[in-house]
$ cat coords-v6.tsv   # TSV, C-alpha atoms and all ligand atoms
chain	number	residue	atom	x	y	z
A	11	VAL	CA	-8.86	45.04	-66.10
A	12	ASP	CA	-7.67	42.16	-63.88
A	13	LEU	CA	-4.68	40.05	-64.89
A	14	ASN	CA	-6.67	36.99	-65.91
A	15	GLU	CA	-8.77	39.17	-68.23
A	16	VAL	CA	-5.56	40.52	-69.83
A	17	LYS	CA	-4.37	36.92	-70.38
A	18	LYS	CA	-7.70	36.03	-71.97
A	19	LEU	CA	-7.54	39.06	-74.30
A	20	LEU	CA	-4.00	38.06	-75.32
A	21	GLY	CA	-4.97	34.45	-76.09
A	22	PHE	CA	-8.10	35.44	-78.01
A	23	GLN	CA	-6.37	38.19	-80.03
A	24	ALA	CA	-3.45	35.92	-80.89
A	25	VAL	CA	-5.87	33.46	-82.48
A	26	ASP	CA	-8.17	36.00	-84.11
A	27	ARG	CA	-5.31	37.96	-85.66
A	28	PHE	CA	-2.82	35.25	-86.59
A	29	VAL	CA	-4.36	31.77	-86.80
A	30	ARG	CA	-5.84	30.73	-90.15
A	31	ALA	CA	-7.56	27.62	-91.53
A	32	GLY	CA	-5.21	24.91	-92.74
A	33	MET	CA	-2.27	26.03	-90.61
A	34	LYS	CA	0.11	23.75	-88.76
A	35	LEU	CA	-0.18	25.35	-85.31
A	36	GLY	CA	1.82	24.88	-82.11
A	37	LEU	CA	-0.09	25.60	-78.90
A	38	GLY	CA	1.82	26.59	-75.77
A	39	THR	CA	1.41	26.05	-72.05
A	40	GLY	CA	0.46	28.15	-69.05
A	41	SER	CA	-2.29	30.44	-67.83
A	42	THR	CA	-1.97	32.79	-70.84
A	43	ALA	CA	-1.46	30.34	-73.71
A	44	ILE	CA	-4.37	28.19	-72.51
A	45	TRP	CA	-6.71	31.00	-73.63
A	46	ALA	CA	-5.41	30.63	-77.17
A	47	ALA	CA	-6.32	26.93	-77.08
A	48	ARG	CA	-9.79	27.82	-75.78
A	49	ARG	CA	-10.32	30.37	-78.58
A	50	VAL	CA	-9.18	27.84	-81.19
A	51	GLY	CA	-11.70	25.37	-79.70
A	52	GLU	CA	-14.48	27.95	-79.90
A	53	LEU	CA	-13.82	28.86	-83.54
A	54	PHE	CA	-13.25	25.25	-84.56
A	55	SER	CA	-16.62	24.18	-83.10
A	56	GLN	CA	-18.26	26.92	-85.21
A	57	GLY	CA	-16.83	25.24	-88.28
A	58	ARG	CA	-14.10	27.84	-88.76
A	59	LEU	CA	-10.33	27.08	-88.85
A	60	ARG	CA	-11.03	24.00	-90.95
A	61	ASP	CA	-8.15	21.63	-91.52
A	62	LEU	CA	-6.10	23.12	-88.66
A	63	LYS	CA	-3.30	20.79	-87.58
A	64	ILE	CA	-2.38	21.24	-83.91
A	65	VAL	CA	0.69	20.15	-81.97
A	66	VAL	CA	0.73	20.77	-78.18
A	67	THR	CA	3.54	21.50	-75.74
A	68	SER	CA	2.26	19.81	-72.57
A	69	LEU	CA	-0.24	17.54	-70.90
A	70	GLN	CA	-2.15	20.67	-69.78
A	71	THR	CA	-2.70	21.80	-73.36
A	72	ASP	CA	-3.26	18.26	-74.63
A	73	LEU	CA	-6.11	17.66	-72.16
A	74	GLU	CA	-7.61	21.09	-72.90
A	75	CYS	CA	-7.54	20.52	-76.67
A	76	ARG	CA	-9.02	17.04	-76.39
A	77	SER	CA	-11.82	18.22	-74.13
A	78	LEU	CA	-12.61	20.94	-76.71
A	79	GLY	CA	-12.80	18.30	-79.45
A	80	LEU	CA	-9.66	19.54	-81.20
A	81	PRO	CA	-7.55	17.01	-83.07
A	82	VAL	CA	-3.97	16.82	-81.75
A	83	LEU	CA	-1.02	15.64	-83.84
A	84	SER	CA	2.71	15.30	-83.17
A	85	LEU	CA	5.78	16.65	-84.96
A	86	ASN	CA	6.29	13.07	-86.13
A	87	ASP	CA	2.99	12.86	-88.02
A	88	ARG	CA	3.17	12.95	-91.79
A	89	ALA	CA	0.76	15.87	-91.95
A	90	ILE	CA	3.20	17.91	-89.82
A	91	ASP	CA	6.50	16.51	-91.08
A	92	GLY	CA	8.58	18.11	-88.31
A	93	SER	CA	7.71	21.76	-88.88
A	94	LEU	CA	4.96	24.22	-87.98
A	95	ASP	CA	3.71	27.49	-89.50
A	96	LEU	CA	3.07	29.28	-86.21
A	97	THR	CA	3.37	28.66	-82.47
A	98	VAL	CA	1.51	30.73	-79.87
A	99	ASP	CA	2.96	30.50	-76.37
A	100	GLY	CA	3.51	32.48	-73.17
A	101	ALA	CA	6.82	33.24	-71.47
A	102	ASP	CA	8.14	34.01	-68.01
A	103	GLU	CA	10.55	36.77	-69.04
A	104	VAL	CA	11.24	38.76	-72.22
A	105	ASP	CA	14.44	40.85	-72.29
A	106	PRO	CA	15.06	43.93	-74.49
A	107	GLU	CA	16.63	41.75	-77.23
A	108	ARG	CA	13.61	39.41	-77.07
A	109	ASN	CA	15.51	36.53	-75.51
A	110	LEU	CA	12.98	34.52	-73.51
A	111	ILE	CA	12.98	32.57	-70.29
A	112	LYS	CA	10.36	29.83	-70.28
A	113	GLY	CA	9.58	26.79	-68.17
A	114	GLY	CA	7.80	28.33	-65.19
A	115	GLY	CA	5.08	25.82	-66.01
A	116	GLY	CA	7.61	23.03	-66.41
A	117	ALA	CA	6.98	22.43	-70.11
A	118	LEU	CA	10.23	23.87	-71.49
A	119	LEU	CA	11.49	20.81	-73.34
A	120	LEU	CA	8.50	20.38	-75.65
A	121	GLU	CA	8.02	24.16	-75.79
A	122	LYS	CA	11.51	24.65	-77.17
A	123	LEU	CA	11.21	21.73	-79.57
A	124	ILE	CA	8.00	23.19	-80.95
A	125	ALA	CA	9.07	26.86	-80.90
A	126	TYR	CA	12.30	26.12	-82.76
A	127	ALA	CA	10.40	23.99	-85.29
A	128	SER	CA	8.02	26.86	-86.09
A	129	GLU	CA	8.41	29.35	-88.88
A	130	ARG	CA	6.82	32.03	-86.69
A	131	LEU	CA	6.78	32.23	-82.88
A	132	LEU	CA	4.19	34.53	-81.32
A	133	ILE	CA	4.79	35.15	-77.61
A	134	ILE	CA	1.87	36.49	-75.59
A	135	VAL	CA	2.74	38.16	-72.28
A	136	ASP	CA	1.49	40.81	-69.91
A	137	ASP	CA	3.91	43.69	-69.56
A	138	SER	CA	5.09	42.60	-66.07
A	139	LYS	CA	7.17	39.93	-67.90
A	140	LEU	CA	9.34	42.52	-69.70
A	141	SER	CA	12.81	42.82	-68.14
A	142	SER	CA	15.66	45.29	-68.57
A	143	ARG	CA	18.35	42.56	-68.73
A	144	PRO	CA	18.49	38.75	-69.18
A	145	GLY	CA	17.60	36.93	-65.98
A	146	GLU	CA	16.46	40.03	-64.10
A	147	LYS	CA	13.07	38.60	-63.19
A	148	PHE	CA	13.25	34.84	-63.54
A	149	ALA	CA	15.62	31.95	-62.80
A	150	VAL	CA	16.56	29.62	-65.66
A	151	PRO	CA	14.62	26.33	-65.49
A	152	VAL	CA	16.74	23.30	-66.39
A	153	GLU	CA	15.19	19.88	-67.15
A	154	ILE	CA	17.46	17.00	-66.14
A	155	VAL	CA	17.44	13.23	-65.78
A	156	THR	CA	16.97	12.02	-62.20
A	157	ALA	CA	20.48	10.59	-61.92
A	158	ALA	CA	21.99	14.03	-62.57
A	159	VAL	CA	20.60	16.16	-59.73
A	160	ILE	CA	23.86	16.70	-57.85
A	161	PRO	CA	26.33	16.80	-60.78
A	162	VAL	CA	24.21	19.33	-62.70
A	163	THR	CA	23.63	21.39	-59.56
A	164	ARG	CA	27.41	21.62	-59.03
A	165	ALA	CA	28.03	22.47	-62.69
A	166	LEU	CA	25.46	25.28	-62.59
A	167	GLU	CA	26.98	26.59	-59.33
A	168	GLN	CA	30.34	26.67	-61.14
A	169	LEU	CA	28.67	28.96	-63.68
A	170	GLY	CA	27.70	31.28	-60.81
A	171	ALA	CA	24.09	30.25	-60.21
A	172	ALA	CA	22.16	29.62	-57.02
A	173	VAL	CA	20.32	26.37	-57.70
A	174	SER	CA	17.20	24.76	-56.26
A	175	ILE	CA	15.29	21.67	-57.23
A	176	ARG	CA	11.66	22.45	-58.14
A	177	MET	CA	9.36	20.98	-55.46
A	178	ALA	CA	5.80	19.81	-56.08
A	179	VAL	CA	2.68	21.27	-54.50
A	180	ARG	CA	0.18	18.79	-53.03
A	181	LYS	CA	2.60	15.92	-53.67
A	182	ALA	CA	5.62	15.02	-51.54
A	183	GLY	CA	8.97	15.51	-53.26
A	184	PRO	CA	10.04	17.14	-56.50
A	185	VAL	CA	8.04	18.08	-59.60
A	186	VAL	CA	8.16	15.30	-62.18
A	187	THR	CA	7.72	16.77	-65.67
A	188	ASP	CA	5.29	15.54	-68.33
A	189	LEU	CA	8.25	13.62	-69.76
A	190	GLY	CA	9.23	12.03	-66.42
A	191	ASN	CA	12.21	14.25	-65.59
A	192	LEU	CA	13.17	16.70	-62.81
A	193	LEU	CA	13.65	20.49	-62.85
A	194	LEU	CA	16.35	22.69	-61.37
A	195	ASP	CA	15.91	26.46	-61.17
A	196	ALA	CA	19.20	28.30	-61.68
A	197	SER	CA	19.23	31.91	-60.56
A	198	PHE	CA	22.10	34.03	-61.93
A	199	PRO	CA	22.85	37.12	-59.84
A	200	ARG	CA	24.62	38.91	-62.70
A	201	SER	CA	23.62	39.54	-66.30
A	202	TYR	CA	24.67	36.91	-68.84
A	203	ASP	CA	24.92	36.33	-72.57
A	204	PRO	CA	21.74	34.31	-73.29
A	205	THR	CA	23.05	32.68	-76.50
A	206	ALA	CA	26.26	31.50	-74.82
A	207	LEU	CA	24.54	30.38	-71.62
A	208	GLU	CA	21.79	28.50	-73.47
A	209	LEU	CA	24.45	26.41	-75.25
A	210	GLU	CA	26.68	26.04	-72.21
A	211	ILE	CA	23.90	24.69	-69.97
A	212	LYS	CA	22.68	22.45	-72.76
A	213	SER	CA	26.12	20.83	-72.96
A	214	ILE	CA	26.25	19.72	-69.29
A	215	PRO	CA	25.85	15.92	-69.17
A	216	GLY	CA	22.46	14.97	-67.72
A	217	VAL	CA	20.77	18.17	-68.95
A	218	LEU	CA	17.93	17.60	-71.39
A	219	GLU	CA	16.96	21.24	-72.01
A	220	ASN	CA	16.97	24.70	-70.44
A	221	GLY	CA	14.50	27.56	-70.46
A	222	ILE	CA	16.61	30.16	-72.29
A	223	PHE	CA	15.15	30.72	-75.77
A	224	SER	CA	17.72	32.87	-77.60
A	225	ARG	CA	17.83	31.32	-81.04
A	226	LYS	CA	14.39	32.22	-82.33
A	227	ARG	CA	13.30	35.84	-82.55
A	228	PRO	CA	9.67	35.95	-81.43
A	229	GLU	CA	6.93	38.34	-82.44
A	230	LEU	CA	5.33	39.80	-79.32
A	231	LEU	CA	1.78	40.51	-78.25
A	232	ILE	CA	2.00	42.49	-75.02
A	233	GLY	CA	-0.91	43.19	-72.71
A	234	SER	CA	-1.08	46.04	-70.22
A	235	PRO	CA	-3.27	46.33	-67.10
A	236	SER	CA	-5.44	48.90	-68.94
A	237	GLY	CA	-6.47	46.14	-71.36
A	238	LYS	CA	-4.50	47.65	-74.26
A	239	ILE	CA	-2.76	45.03	-76.45
A	240	GLU	CA	0.35	45.98	-78.42
A	241	TYR	CA	1.74	43.93	-81.32
A	242	ARG	CA	5.50	44.10	-81.96
A	243	PRO	CA	6.25	42.31	-85.26
B	301	LIG	C1	5.57	26.81	-69.34
B	301	LIG	O1	6.60	25.91	-69.14
B	301	LIG	C2	6.10	28.20	-69.47
B	301	LIG	O2	7.12	28.35	-70.37
B	301	LIG	C3	4.97	29.14	-69.76
B	301	LIG	O3	4.97	29.54	-71.08
B	301	LIG	C4	5.18	30.28	-68.87
B	301	LIG	O4	5.37	29.78	-67.58
B	301	LIG	C5	4.09	31.31	-68.92
B	301	LIG	O5	3.03	30.92	-68.13
B	301	LIG	P1	1.92	31.95	-67.67
B	301	LIG	O6	1.26	32.45	-68.92
B	301	LIG	O7	1.01	31.12	-66.81
B	301	LIG	O8	2.62	33.03	-66.90
$ encode --input "coords-v6.tsv" --output "structure tokens"
Amino acid sequence: VDLNEVKKLLGFQAVDRFVRAGMKLGLGTGSTAIWAARRVGELFSQGRLRDLKIVVTSLQTDLECRSLGLPVLSLNDRAIDGSLDLTVDGADEVDPERNLIKGGGGALLLEKLIAYASERLLIIVDDSKLSSRPGEKFAVPVEIVTAAVIPVTRALEQLGAAVSIRMAVRKAGPVVTDLGNLLLDASFPRSYDPTALELEIKSIPGVLENGIFSRKRPELLIGSPSGKIEYRP
């Protein structure tokens, strides 16, 4: 089974197995999570999943949901009141303790807001994302205000990281996030304590958010190239 088919299976199964009518649902970002949005759209247009209340994590997912005719709310709406029942999202790395690295798609700030506001977080990944230690496979994305590029770069270097600013494709200059900010990618050569590093990076002035998700234990749906999907509650 090719990788895109595995991602589709993950998104569809996440919805079929875990999404119910009336839920307050967070929908994630990226090439895997987008399939969950598409499945929700399909079921919703068949009159199922009535009264679903959706909050999205990015412009990508917002546009997809709107084109599927799905109503989109925000955490600030009264019907949501700041908390969700379930969020379905992808990830860039999952370590053995289920700490995540996210933000490969640049949506980490809203993704963390929504993940941490959810009672349950279901992460859907193909098994190439599983690592044997934190940071083995993926650098830590850090969303910063424009004025802070150099100071935050130096602060991350002090923590031992090699840092690069995320550059755009088919646009000159850096990536500008959905929220109008810039991204640094901080690669740590040695293993680290995800809980400590998440807080430490967060406390650097000029940093808005980072892609380490250590404070919410996710449930996992893991896809393998054979097409087999494993659920780890
Ligand atoms: C978006 O900012 C990320 O956190 C995504 O969840 C992550 O990049 C996974 O994307 P793919 O499913 O496309 O690999």
$ atom_distance --input "coords-v6.tsv" --atom1 "CA of Leu62 in chain A" --atom2 "atom O4 of ligand LIG 301 (chain B)"
24.9 Å
$ axis_aligned_box --input "coords-v6.tsv" --around "ligand LIG 301 (chain B)" --padding-each-side "8 Å" --output "AutoDock Vina command-line options"
--center_x 4.1 --center_y 29.5 --center_z -68.9 --size_x 22.1 --size_y 23.1 --size_z 20.3
$ closest_atom_pairs --input "coords-v6.tsv" --of "range 93-181 of chain A" --to "range 17-22 of chain A" --cutoff "10 Å" --atoms "all atoms listed in the file" --output "Markdown table"
| residue | atom | partner | partner_atom | distance |
| --- | --- | --- | --- | --- |
| A:Val98 | CA | A:Gly21 | CA | 8.4 |
| A:Asp99 | CA | A:Gly21 | CA | 8.9 |
| A:Gly100 | CA | A:Gly21 | CA | 9.2 |
| A:Ile133 | CA | A:Leu20 | CA | 9.5 |
| A:Ile134 | CA | A:Leu20 | CA | 6.1 |
| A:Val135 | CA | A:Leu20 | CA | 7.4 |
| A:Asp136 | CA | A:Lys17 | CA | 7.0 |
$ closest_residue --input "coords-v6.tsv" --among "A:Thr187, A:Pro228, A:Gly216, A:Pro144" --to "Ser201 in chain A" --atoms "only C-alpha atoms"
A:Pro144
$ closest_residue --input "coords-v6.tsv" --among "A:Pro204, A:Gly92, A:Gly115, A:Pro199" --to "Ser128 in chain A" --atoms "all atoms listed in the file"
A:Gly92
$ residues_near_ligand --input "coords-v6.tsv" --ligand "ligand LIG 301 (chain B)" --cutoff "6 Å" --atoms "all atoms listed in the file" --output "mmCIF file with C-alpha atoms, in the coordinates of the input"
data_model
loop_
_atom_site.group_PDB
_atom_site.id
_atom_site.type_symbol
_atom_site.label_atom_id
_atom_site.label_comp_id
_atom_site.auth_asym_id
_atom_site.auth_seq_id
_atom_site.Cartn_x
_atom_site.Cartn_y
_atom_site.Cartn_z
ATOM 1 C CA THR A 39 1.410 26.050 -72.050
ATOM 2 C CA GLY A 40 0.460 28.150 -69.050
ATOM 3 C CA SER A 41 -2.290 30.440 -67.830
ATOM 4 C CA THR A 42 -1.970 32.790 -70.840
ATOM 5 C CA ALA A 43 -1.460 30.340 -73.710
ATOM 6 C CA ASP A 99 2.960 30.500 -76.370
ATOM 7 C CA GLY A 100 3.510 32.480 -73.170
ATOM 8 C CA ALA A 101 6.820 33.240 -71.470
ATOM 9 C CA ASP A 102 8.140 34.010 -68.010
ATOM 10 C CA LYS A 112 10.360 29.830 -70.280
ATOM 11 C CA GLY A 113 9.580 26.790 -68.170
ATOM 12 C CA GLY A 114 7.800 28.330 -65.190
ATOM 13 C CA GLY A 115 5.080 25.820 -66.010
ATOM 14 C CA GLY A 116 7.610 23.030 -66.410
ATOM 15 C CA ALA A 117 6.980 22.430 -70.110
ATOM 16 C CA LEU A 118 10.230 23.870 -71.490
#
$ closest_residue --input "coords-v6.tsv" --among "A:Met33, A:Ala89, A:Leu80, A:Leu193" --to "Ser55 in chain A" --atoms "only C-alpha atoms"
A:Leu80
$ closest_residue --input "coords-v6.tsv" --among "A:Asp61, A:Leu189, A:Glu208, A:Ser138" --to "Ser234 in chain A" --atoms "all atoms listed in the file"
A:Ser138
$ atom_distance --input "coords-v6.tsv" --atom1 "CA of Arg49 in chain A" --atom2 "CA of Ile222 in chain A"
27.7 Å
$ atom_distance --input "coords-v6.tsv" --atom1 "CA of Arg88 in chain A" --atom2 "CA of Arg60 in chain A"
18.0 Å
$ closest_residue --input "coords-v6.tsv" --among "A:Ala31, A:Ile214, A:Ala47, A:Leu207" --to "Gly170 in chain A" --atoms "all atoms listed in the file"
A:Leu207
$ residues_around --input "coords-v6.tsv" --residues "range 63-71 of chain A" --least-positions-apart "3" --cutoff "8 Å" --atoms "only C-alpha atoms" --output "PyMOL selection string"
chain A and resi 32-40+44+47+74-75+80-85+89-90+117+120-121+124+188
$ residues_around --input "coords-v6.tsv" --residues "Val185 in chain A" --least-positions-apart "3" --cutoff "12 Å" --atoms "all atoms listed in the file" --output "PyMOL selection string"
chain A and resi 114-117+153-154+156+174-182+188-195
$ write_last_selection --input "coords-v6.tsv" --atoms "C-alpha atoms" --output "short mmCIF file (atom, residue, chain, number, x, y, z; two decimals), in the frame of the given file"
data_model
loop_
_atom_site.label_atom_id
_atom_site.label_comp_id
_atom_site.auth_asym_id
_atom_site.auth_seq_id
_atom_site.Cartn_x
_atom_site.Cartn_y
_atom_site.Cartn_z
CA GLY A 114 7.80 28.33 -65.19
CA GLY A 115 5.08 25.82 -66.01
CA GLY A 116 7.61 23.03 -66.41
CA ALA A 117 6.98 22.43 -70.11
CA GLU A 153 15.19 19.88 -67.15
CA ILE A 154 17.46 17.00 -66.14
CA THR A 156 16.97 12.02 -62.20
CA SER A 174 17.20 24.76 -56.26
CA ILE A 175 15.29 21.67 -57.23
CA ARG A 176 11.66 22.45 -58.14
CA MET A 177 9.36 20.98 -55.46
CA ALA A 178 5.80 19.81 -56.08
CA VAL A 179 2.68 21.27 -54.50
CA ARG A 180 0.18 18.79 -53.03
CA LYS A 181 2.60 15.92 -53.67
CA ALA A 182 5.62 15.02 -51.54
CA ASP A 188 5.29 15.54 -68.33
CA LEU A 189 8.25 13.62 -69.76
CA GLY A 190 9.23 12.03 -66.42
CA ASN A 191 12.21 14.25 -65.59
CA LEU A 192 13.17 16.70 -62.81
CA LEU A 193 13.65 20.49 -62.85
CA LEU A 194 16.35 22.69 -61.37
CA ASP A 195 15.91 26.46 -61.17
#
$ residues_near_point --input "coords-v6.tsv" --point "(11.1, 39.0, -81.4)" --cutoff "6 Å" --atoms "only C-alpha atoms" --output "list of chain:residue names"
A:Arg108, A:Arg227, A:Pro228, A:Glu229
$ residues_around --input "coords-v6.tsv" --residues "Leu230 in chain A" --least-positions-apart "2" --cutoff "6 Å" --atoms "only C-alpha atoms" --output "compact mmCIF listing (two decimals) with C-alpha atoms, in the frame of the given file"
# COMPACT_ATOMS: atom_id res chain seq x y z
CA LEU A 132 4.19 34.53 -81.32
CA ILE A 133 4.79 35.15 -77.61
CA TYR A 241 1.74 43.93 -81.32
CA ARG A 242 5.50 44.10 -81.96
$ residues_near_point --input "coords-v6.tsv" --point "(25.2, 18.5, -69.4)" --cutoff "10 Å" --atoms "all atoms listed in the file" --output "ChimeraX atom specification"
/A:154,158,161-162,165-166,209-219
$ closest_residue --input "coords-v6.tsv" --among "A:Ala127, A:Ala171, A:Lys147, A:Glu107" --to "Asp91 in chain A" --atoms "all atoms listed in the file"
A:Ala127
$ build_atoms --input "coords-v6.tsv" --residues "range 167-179 of chain A" --atoms "N, CA and C atoms" --output "PDB file, in the coordinates of the input"
ATOM      1  N   GLU A 167      26.363  25.738 -60.355  1.00  0.00           N
ATOM      2  CA  GLU A 167      26.980  26.590 -59.330  1.00  0.00           C
ATOM      3  C   GLU A 167      28.331  27.112 -59.829  1.00  0.00           C
ATOM      4  N   GLN A 168      29.060  26.241 -60.545  1.00  0.00           N
ATOM      5  CA  GLN A 168      30.340  26.670 -61.140  1.00  0.00           C
ATOM      6  C   GLN A 168      30.151  27.832 -62.110  1.00  0.00           C
ATOM      7  N   LEU A 169      28.976  27.858 -62.752  1.00  0.00           N
ATOM      8  CA  LEU A 169      28.670  28.960 -63.680  1.00  0.00           C
ATOM      9  C   LEU A 169      28.175  30.205 -62.940  1.00  0.00           C
ATOM     10  N   GLY A 170      28.069  30.109 -61.611  1.00  0.00           N
ATOM     11  CA  GLY A 170      27.700  31.280 -60.810  1.00  0.00           C
ATOM     12  C   GLY A 170      26.252  31.319 -60.351  1.00  0.00           C
ATOM     13  N   ALA A 171      25.518  30.230 -60.550  1.00  0.00           N
ATOM     14  CA  ALA A 171      24.090  30.250 -60.210  1.00  0.00           C
ATOM     15  C   ALA A 171      23.829  29.757 -58.793  1.00  0.00           C
ATOM     16  N   ALA A 172      22.741  30.249 -58.221  1.00  0.00           N
ATOM     17  CA  ALA A 172      22.160  29.620 -57.020  1.00  0.00           C
ATOM     18  C   ALA A 172      21.089  28.669 -57.534  1.00  0.00           C
ATOM     19  N   VAL A 173      21.143  27.416 -57.075  1.00  0.00           N
ATOM     20  CA  VAL A 173      20.320  26.370 -57.700  1.00  0.00           C
ATOM     21  C   VAL A 173      19.375  25.744 -56.689  1.00  0.00           C
ATOM     22  N   SER A 174      18.117  25.540 -57.098  1.00  0.00           N
ATOM     23  CA  SER A 174      17.200  24.760 -56.260  1.00  0.00           C
ATOM     24  C   SER A 174      16.459  23.762 -57.128  1.00  0.00           C
ATOM     25  N   ILE A 175      16.081  22.659 -56.512  1.00  0.00           N
ATOM     26  CA  ILE A 175      15.290  21.670 -57.230  1.00  0.00           C
ATOM     27  C   ILE A 175      13.814  22.079 -57.089  1.00  0.00           C
ATOM     28  N   ARG A 176      13.062  22.007 -58.183  1.00  0.00           N
ATOM     29  CA  ARG A 176      11.660  22.450 -58.140  1.00  0.00           C
ATOM     30  C   ARG A 176      10.820  21.418 -57.372  1.00  0.00           C
ATOM     31  N   MET A 177      10.160  21.885 -56.305  1.00  0.00           N
ATOM     32  CA  MET A 177       9.360  20.980 -55.460  1.00  0.00           C
ATOM     33  C   MET A 177       7.889  21.036 -55.862  1.00  0.00           C
ATOM     34  N   ALA A 178       7.213  19.908 -55.721  1.00  0.00           N
ATOM     35  CA  ALA A 178       5.800  19.810 -56.080  1.00  0.00           C
ATOM     36  C   ALA A 178       4.914  20.449 -55.022  1.00  0.00           C
ATOM     37  N   VAL A 179       3.702  20.792 -55.419  1.00  0.00           N
ATOM     38  CA  VAL A 179       2.680  21.270 -54.500  1.00  0.00           C
ATOM     39  C   VAL A 179       1.609  20.188 -54.433  1.00  0.00           C
TER      40      VAL A 179
END
